[in-house]
Every structure is written in C-alpha cells, then in structure tokens.
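The next block holds one structure in the form of structure tokens; read it before the comments.
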Amino acid sequence: MTETLLEIDGLSVDYETERGDLKALRDISFDVRKGEIVGIVGESGCGKSTLISSILRLTAPNTRFRQGEVRFKGQNLLQATERQMRDLRGDDISIVFQDPMQTHNPVLSVGQQMVDIQHRSSASKAEKRAKAAKMLGAVGIPDPEARLSQFPHEFSGGMRQRIAIAMALMSEPDLLIADEPTTALDATLEVQIIERLRELQREMHCAVLFISHHLGVIAELCDRVVVMYAGAVVESGDVREIFHNPKHPYTRRLIECDPGHIKTRARVLPTIPGEVPDLANLPGGCIFRDRCDQAMDRCAQEVPPLERLGEGHLAACWLNHEEVSA
Amino acid sequence: MTDATIEKPRSELGIILTGVARNPLGLMGLIIVGAIVFSAIFAAWIVPYDPIAMNIQDRMQGPSASHWLGTDQLGRDTLSRVIMGGQVALKVALPAVFGAMVIGLTLGMIAGYGPKWLDNMLMLLFDTIRSFPTVMFALAVVALVGPSLQTVVFVVMATSIPTYGRVARTQTLTLRNSEFILAERSMGASMARILGVHMLPNIIGVLAVLAAMDIPTVIALEAGLSFLGLGVKPPTPSWGALLKDGYALIRQTPWLVVGGGLPIIIATLGFTFLGESLRDVVDPKLRKNR
C-alpha cells in the first residue's frame, strides 16, 4: 500500500499563446501510491486535463514543461523517450476518457478494436478475442461474445463507457487514469459504473487517478483527494478529512455548492461568485483571493504555501496560519 | 481485420452489394456496370466481327440484321467497335482511378498527419498539378511521348491524384484531432497503427465512393482525348474515336455518333448511380439492414 507509484513533483506547465504564457499548472505536487484511488477535483479550466496529458505526455504542441518532474515507478516521464512513453501508455498506464460517444473508432467493430489494442501480446487472434469477451463480461455487458462483432454506434452511452473501461483494464495497468468517466452519463448509470470500477479496481489492485467535479462520487470512491484551483493544488488529504474538515475556503465553498449537500430547498442553487483568474496574467498573492469571503490583507501580498496541517492533510491558505499563530 | 467475420454470416462485400441493390437507382447502376464489365472482359468472344477488319464493300451501311449498328467509312462493324471501345475505356479508367486513389490516399494521409512543412509542400504540389488544364497537360505529354493508352492512363492519374489527396488530407486532419484517435494514442498505438488500422478504414469508404463517381469522368476524359486524337492510336477502337469518325461524317453515317455517344452516356450514368448508392451504404451508421 505504501509504495509510491506516481509522483508529481513541483510540476509547472505553460501554454505558449499569442497573449503570452498561459500558466496552466503551477508547482503541482502530489503522489499516488500503489492500489490507491486518488481523486482530483476542481472546476472547469483548473488544469485537470493538462495534468493528465502531462502525465501521458500527450500534450498540445504549444505546451512547455517549465519545472518539476512526473515520476512513474521512479522514472521521470518528462525525460523519457517517445518510444518509452509509447510502451507505458496502454500497458502500465491506461486512461478512460470523458465522452464515451467519441472514444471509439466508428468504423471498426468493438471486437476488432479490443483485439487491436492487445497489439503487444503475442497471443493468437482467437485468444485475444476470448480475452476481449471475458473483459466485456467483467464490466457487465451481457452476451459479450455476440456483442464483439457489433459497432460502437449500436451500444448506448453507458455500455460504451463500460467498453472503454474494459479496454483500459485489459492490459492490467498499474495506474488507471479516469478523466471524468461519468460526467457524460446520467445519475443511475453513474452509480453503476462507479461500483463496477471499484469492484474491478479491488480485483486488479491497480491505482486509480480519478478526475471529477462531482464531489459525491469522489467522496464515495476515493481514498485521498487533491483539490485544484486555477492550475494549483489548494488542498489535499484523506477523503474524510477533506470533506469533514476542509481547511481551504475554496474546498469549503465547493462542498457547499454540491447539490447533494444542500438540505433546505432553495430557489437558487449556491454558487461561488466570480471567475477563475486569467492564467496568462496572474494577480499576485493568493489566486483565490478575489472570490474568497475571508480574504485578508496578507492574501494580496504573499502566495500562501501548501502547508502540512495534519496527517497527510495539506492546504494553501493564510487562515490556517492565523489559527496556528493565535 | 478479418476476424469480425467469425459470427457474421455475411461478408462485408455481401452487405454492401445487398444494400446497393435495394435502392432502385443502385440496382440499375449495378446492372449497367455489370454489363459493361462483362462485355469488356469477354469482348474478344462476343464481338460479331473483328473490330479492326476493314470491309470496303460494306462501308457506311446503316443498321441492319448483319450489322446491328451499321458500319463506318472503312466498313468496320460499329457494334464490335463499341464493345471493344468499352474494354479500352475500362483499361484506362480502372488503373488510372485506382492508381490515383492509392497515391492520393498515401500522400494525403502523410500531408494530414505529418509535420506542417511537409503538408505545405504536398499542398503546393497538388495545387501546381491542378493549375494545369487537363487537356493542355495531356497535349504536352502527348507531344513529348506520343499518343498511347499508357499516356492517357498516366495523364488521367496524374491529374486526379490531387483530388484524392485533398480529400484524404482533410479526412486525416479531422480524424487526427478526434477523441478516439487520442484514445488510441493514449493506449500506446504507434503512428503506423493509427494511420493503418484506425484512420484508413475511416477514409477509404469516402475515397471509394469518390472513385466510383470519378470513373465516368475518366471515361469521358479518355473519350475526349481520343476525340482530339490524343488518346489511343487510330486502329484501336475507342468511344471517343468513334465519336470523332462519326462527327466527321455525321450527315452520311449518323449511327456512328450514336454508337460512340450512347455508351459514354450509359456508362457515366451507371457508374454515377452505383457511386451514389455506394455512398449511402458504406457508412456503417447509415446501414439499416442489421
């Protein structure tokens, strides 16, 4: 359990644009241990997708890695060759994408695609097909043998996401990245997919990096949570600790905004006023200052460091320093 | 790629052909194209007379029981020449279209997936070729190497490569940024695998339809070049050459113009019908019979 699988260490990533460098990720650090489920939460545009593409090194051409390392089993992926990366992808690290309607090749049958992704194996086509059918069965698709010859458009969204999960888990990866895998699905399906994912994760003992903006799912599934805001980690720690004792105002507001947490009927759902700051032109001090209702003078001058507050609980807010010093 | 046939009772080609035949226009196209291909393959056995044998006694005869489509100014049987002309037309159209498709597809995919400078270079090449009017280009080539079947094939192929190349490039560019290609890349697929296994099947259908629709254009082009005397050499029968002879003697032997012109019209319509119904069938999303 304690062995570290993935370490993100001080990672800073910029996008070069005409307006100047867009600081998409700034000094991100966290790690994922073997067999653990780590959730990443944050609103749109907070750098979740940049983070994933940085781990897989499938970034846009204007991406610049400024600082830091991404270590997988001790190897710095930012310095690995293209060949080494390709060997890792889909073998040691796999990924499930957000929109199941887009992630399958429309003109190849599901069976053809599932056989094709086993291109590293030397097994015969019949064996690969049998394995594909077994995986489809494992993710809960009835009559998998017959469905292998069907095309993606003949499956529903939930089915397709199950297929995507089956494909991602086929190589028995050490790390599964799930990029908002349930966002495009309805609530009933979401629960089914999450439960299936957890069952399979227990069976295979793979680590999962689960990206979502749905706090309920994160709370349900994950061991630890990393809260991101505008390209930086603002709080991270054990899932119970974060949800019961959030130390950063952003986390607190995020939990308040989750419809699952609202007890009384309100005409207007709570929101966090304001917008994410312009990443190309970052203000000094704390990045959440403009939207924070507890902002102090200090927040405008200095960037709060990510401070260790308890057993594995980190937060970047000056409020916690007040508490400590008081 | 063939593994999908294990549980499938019908082959991919069978499904496509059934699909085409269900559409009345498609069925008509299929019959016309079938008849043309059949008569072209077995031309040597079904022609009533030797198409290049002259018979001065019977020259410029109208349609009769012995010569269904009459004879020309040298007494050659028009029907035999029409049938042999069909063979020549396909001998030009099929290799030219197939060659242009394969080369255009390869270059187009390279342009779409490769680096920007290569894309720009290939596009410049395509635009350069396209800026020549086909007939002018043909004139220049014929002046250099002389008229022959191979020259026509080469000219047609060279001038239609950019069309296929551009379509393949556009398709590749669209696919390149699609999420399923990103998914394949994140599953560790190599560039060759992405292009060959995942992109090719997505592009080939579109190009096949384009090719089917292009065949009549090529047949008309060959006829046009032969009409201008730039195509196949005189004794060899060709629809275009037939038209040319008939045009010169239109008052004396109008059946020659009909014999040269009608097959061009029918072949053009047949291949167009086939191409159009093929387009509706090759897209798996539009298949209704499953």
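By convention here, the chains of the structure tokens are called A, B, ... in the order presented, each chain's residues are numbered starting at 1, and ligands are numbered starting at 1 in the order presented.
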Counting only C-alpha atoms, chain B residues within 6 Å of chain A, as JSON, numbers by chain: {"B": [4, 179, 180, 186, 187, 188]}
Shell of 10 Å around Cys292 of chain A, only C-alpha atoms, local chain residues under 5 positions omitted, as a ChimeraX atom specification: /A:248-250,253,272-274,286-287,299
Long-range neighbours of Arg289 of chain A as a count of residues only, 8 Å cut-off, only C-alpha atoms, 4 positions minimum in chain: 4
Who sits within 7 Å of segment 24-28 of chain B, only C-alpha atoms, same chain under 5 positions skipped, as a list in words: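 Counting only the stated atoms, we get Gly270, Phe273, Leu274 and Ser277 of chain B.
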Atomic distance atom CA of Pro237 of chain B - atom CA of Thr134 of chain B, expressed in Å with one decimal: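 It comes out at 22.4 Å.
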Contacts of segment 25-35 of chain A within 7 Å, only C-alpha atoms, excl. fewer than 6 positions in-chain, as number ranges by chain: A: 1-14, 47, 205-207, 231-233
Generate the output file for the selected residues, N, CA and C atoms, as a PDB file, in the first residue's frame.
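After the write, again.pdb holds the following:
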```
ATOM      1  N   MET A   1       0.823  -1.213   0.000  1.00  0.00           N
ATOM      2  CA  MET A   1       0.000   0.000   0.000  1.00  0.00           C
ATOM      3  C   MET A   1       0.857   1.263   0.000  1.00  0.00           C
ATOM      4  N   THR A   2       1.963   1.225   0.678  1.00  0.00           N
ATOM      5  CA  THR A   2       2.688   2.471   0.898  1.00  0.00           C
ATOM      6  C   THR A   2       3.649   2.798  -0.239  1.00  0.00           C
ATOM      7  N   GLU A   3       3.885   1.838  -1.127  1.00  0.00           N
ATOM      8  CA  GLU A   3       4.841   2.092  -2.199  1.00  0.00           C
ATOM      9  C   GLU A   3       4.300   3.134  -3.174  1.00  0.00           C
ATOM     10  N   THR A   4       5.119   4.119  -3.479  1.00  0.00           N
ATOM     11  CA  THR A   4       4.650   5.193  -4.353  1.00  0.00           C
ATOM     12  C   THR A   4       4.744   4.765  -5.806  1.00  0.00           C
ATOM     13  N   LEU A   5       3.663   5.022  -6.549  1.00  0.00           N
ATOM     14  CA  LEU A   5       3.631   4.627  -7.949  1.00  0.00           C
ATOM     15  C   LEU A   5       3.900   5.837  -8.839  1.00  0.00           C
ATOM     16  N   LEU A   6       3.131   6.882  -8.596  1.00  0.00           N
ATOM     17  CA  LEU A   6       3.246   8.086  -9.414  1.00  0.00           C
ATOM     18  C   LEU A   6       3.545   9.270  -8.505  1.00  0.00           C
ATOM     19  N   GLU A   7       4.589   9.994  -8.841  1.00  0.00           N
ATOM     20  CA  GLU A   7       4.902  11.191  -8.063  1.00  0.00           C
ATOM     21  C   GLU A   7       4.899  12.387  -8.997  1.00  0.00           C
ATOM     22  N   ILE A   8       4.092  13.367  -8.667  1.00  0.00           N
ATOM     23  CA  ILE A   8       4.150  14.633  -9.391  1.00  0.00           C
ATOM     24  C   ILE A   8       4.897  15.573  -8.457  1.00  0.00           C
ATOM     25  N   ASP A   9       5.990  16.115  -8.925  1.00  0.00           N
ATOM     26  CA  ASP A   9       6.871  16.861  -8.031  1.00  0.00           C
ATOM     27  C   ASP A   9       7.147  18.256  -8.588  1.00  0.00           C
ATOM     28  N   GLY A  10       6.482  19.246  -8.025  1.00  0.00           N
ATOM     29  CA  GLY A  10       6.720  20.639  -8.408  1.00  0.00           C
ATOM     30  C   GLY A  10       6.489  20.929  -9.874  1.00  0.00           C
ATOM     31  N   LEU A  11       5.477  20.282 -10.458  1.00  0.00           N
ATOM     32  CA  LEU A  11       5.261  20.393 -11.898  1.00  0.00           C
ATOM     33  C   LEU A  11       4.633  21.747 -12.283  1.00  0.00           C
ATOM     34  N   SER A  12       5.309  22.435 -13.194  1.00  0.00           N
ATOM     35  CA  SER A  12       4.765  23.682 -13.739  1.00  0.00           C
ATOM     36  C   SER A  12       4.701  23.552 -15.252  1.00  0.00           C
ATOM     37  N   VAL A  13       3.544  23.795 -15.811  1.00  0.00           N
ATOM     38  CA  VAL A  13       3.365  23.668 -17.254  1.00  0.00           C
ATOM     39  C   VAL A  13       2.744  24.947 -17.804  1.00  0.00           C
ATOM     40  N   ASP A  14       3.314  25.452 -18.877  1.00  0.00           N
ATOM     41  CA  ASP A  14       2.770  26.656 -19.526  1.00  0.00           C
ATOM     42  C   ASP A  14       2.271  26.291 -20.917  1.00  0.00           C
ATOM     43  N   GLY A  47      -7.024  22.991 -14.825  1.00  0.00           N
ATOM     44  CA  GLY A  47      -5.775  22.318 -15.188  1.00  0.00           C
ATOM     45  C   GLY A  47      -5.817  20.809 -15.064  1.00  0.00           C
ATOM     46  N   HIS A 205      -6.121  -4.577  -8.184  1.00  0.00           N
ATOM     47  CA  HIS A 205      -5.205  -3.809  -7.341  1.00  0.00           C
ATOM     48  C   HIS A 205      -4.462  -2.736  -8.118  1.00  0.00           C
ATOM     49  N   CYS A 206      -5.120  -2.106  -9.057  1.00  0.00           N
ATOM     50  CA  CYS A 206      -4.436  -1.027  -9.752  1.00  0.00           C
ATOM     51  C   CYS A 206      -4.745   0.287  -9.038  1.00  0.00           C
ATOM     52  N   ALA A 207      -3.850   1.237  -9.177  1.00  0.00           N
ATOM     53  CA  ALA A 207      -4.104   2.557  -8.624  1.00  0.00           C
ATOM     54  C   ALA A 207      -4.981   3.322  -9.610  1.00  0.00           C
ATOM     55  N   GLY A 231      -5.026  25.911 -11.684  1.00  0.00           N
ATOM     56  CA  GLY A 231      -3.705  25.383 -12.012  1.00  0.00           C
ATOM     57  C   GLY A 231      -2.805  25.129 -10.829  1.00  0.00           C
ATOM     58  N   ALA A 232      -3.355  25.206  -9.619  1.00  0.00           N
ATOM     59  CA  ALA A 232      -2.523  24.928  -8.452  1.00  0.00           C
ATOM     60  C   ALA A 232      -3.287  24.028  -7.493  1.00  0.00           C
ATOM     61  N   VAL A 233      -2.548  23.290  -6.669  1.00  0.00           N
ATOM     62  CA  VAL A 233      -3.194  22.478  -5.644  1.00  0.00           C
ATOM     63  C   VAL A 233      -3.486  23.393  -4.457  1.00  0.00           C
TER      64      VAL A 233
END
```
Shell around Val218 of chain B at 12 Å using only C-alpha atoms, local window under 5 positions removed, as a PyMOL selection string: chain B and resi 88-98+100+134+152-160+211-213+223-225+240+264+267-268+271-272
Non-local contacts of Leu107 of chain B (8 Å; only C-alpha atoms; under 3 positions in same chain excluded) as a PyMOL selection string: chain B and resi 103-104+110-111+122+165+169
Can you write out the residues you just picked, keeping N, CA and C atoms, as a compact mmCIF listing (two decimals), in the first residue's frame?
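Output saved as part.txt:
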```
# COMPACT_ATOMS: atom_id res chain seq x y z
N ILE B 103 -2.22 6.49 -54.62
CA ILE B 103 -1.18 7.50 -54.44
C ILE B 103 -1.75 8.71 -53.69
N GLY B 104 -2.95 9.15 -54.10
CA GLY B 104 -3.57 10.31 -53.45
C GLY B 104 -3.82 10.04 -51.98
N ILE B 110 -0.22 11.40 -45.42
CA ILE B 110 1.07 11.93 -44.97
C ILE B 110 0.93 13.44 -44.72
N ALA B 111 0.29 14.12 -45.67
CA ALA B 111 0.11 15.57 -45.53
C ALA B 111 -0.71 15.90 -44.29
N LEU B 122 3.34 19.33 -49.97
CA LEU B 122 2.44 18.47 -50.74
C LEU B 122 1.26 19.26 -51.30
N GLY B 165 -5.94 13.22 -52.95
CA GLY B 165 -5.02 13.68 -51.92
C GLY B 165 -5.68 14.69 -50.99
N ARG B 169 -6.46 14.14 -47.12
CA ARG B 169 -5.81 15.04 -46.17
C ARG B 169 -6.85 15.66 -45.21
```
Nearest to Glu184 of chain B by atom-to-atom distance, counting only C-alpha atoms, from A:Val234, A:Met114, A:Leu189, A:Ala219: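 Using only C-alpha atoms, Glu184 of chain B sits closest to A:Met114.
In terms of minimum interatomic distance to Leu319 of chain A, A:Gln294 ranks closest within A:Ser122, A:Ser44, A:Gln294, A:Gln301, counting only C-alpha atoms.
Of the listed residues B:Arg193, B:Ile266, B:Leu79, B:Leu242, the one whose atoms come nearest to Ala35 of chain B is B:Ile266, with distances taken using only C-alpha atoms.
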Residue list (strand (DSSP E), DSSP) for segment 25-204 of chain A, as an NGL selection string: :A and (25-33 or 37-41 or 63-72 or 75-76 or 93-96 or 175-179)
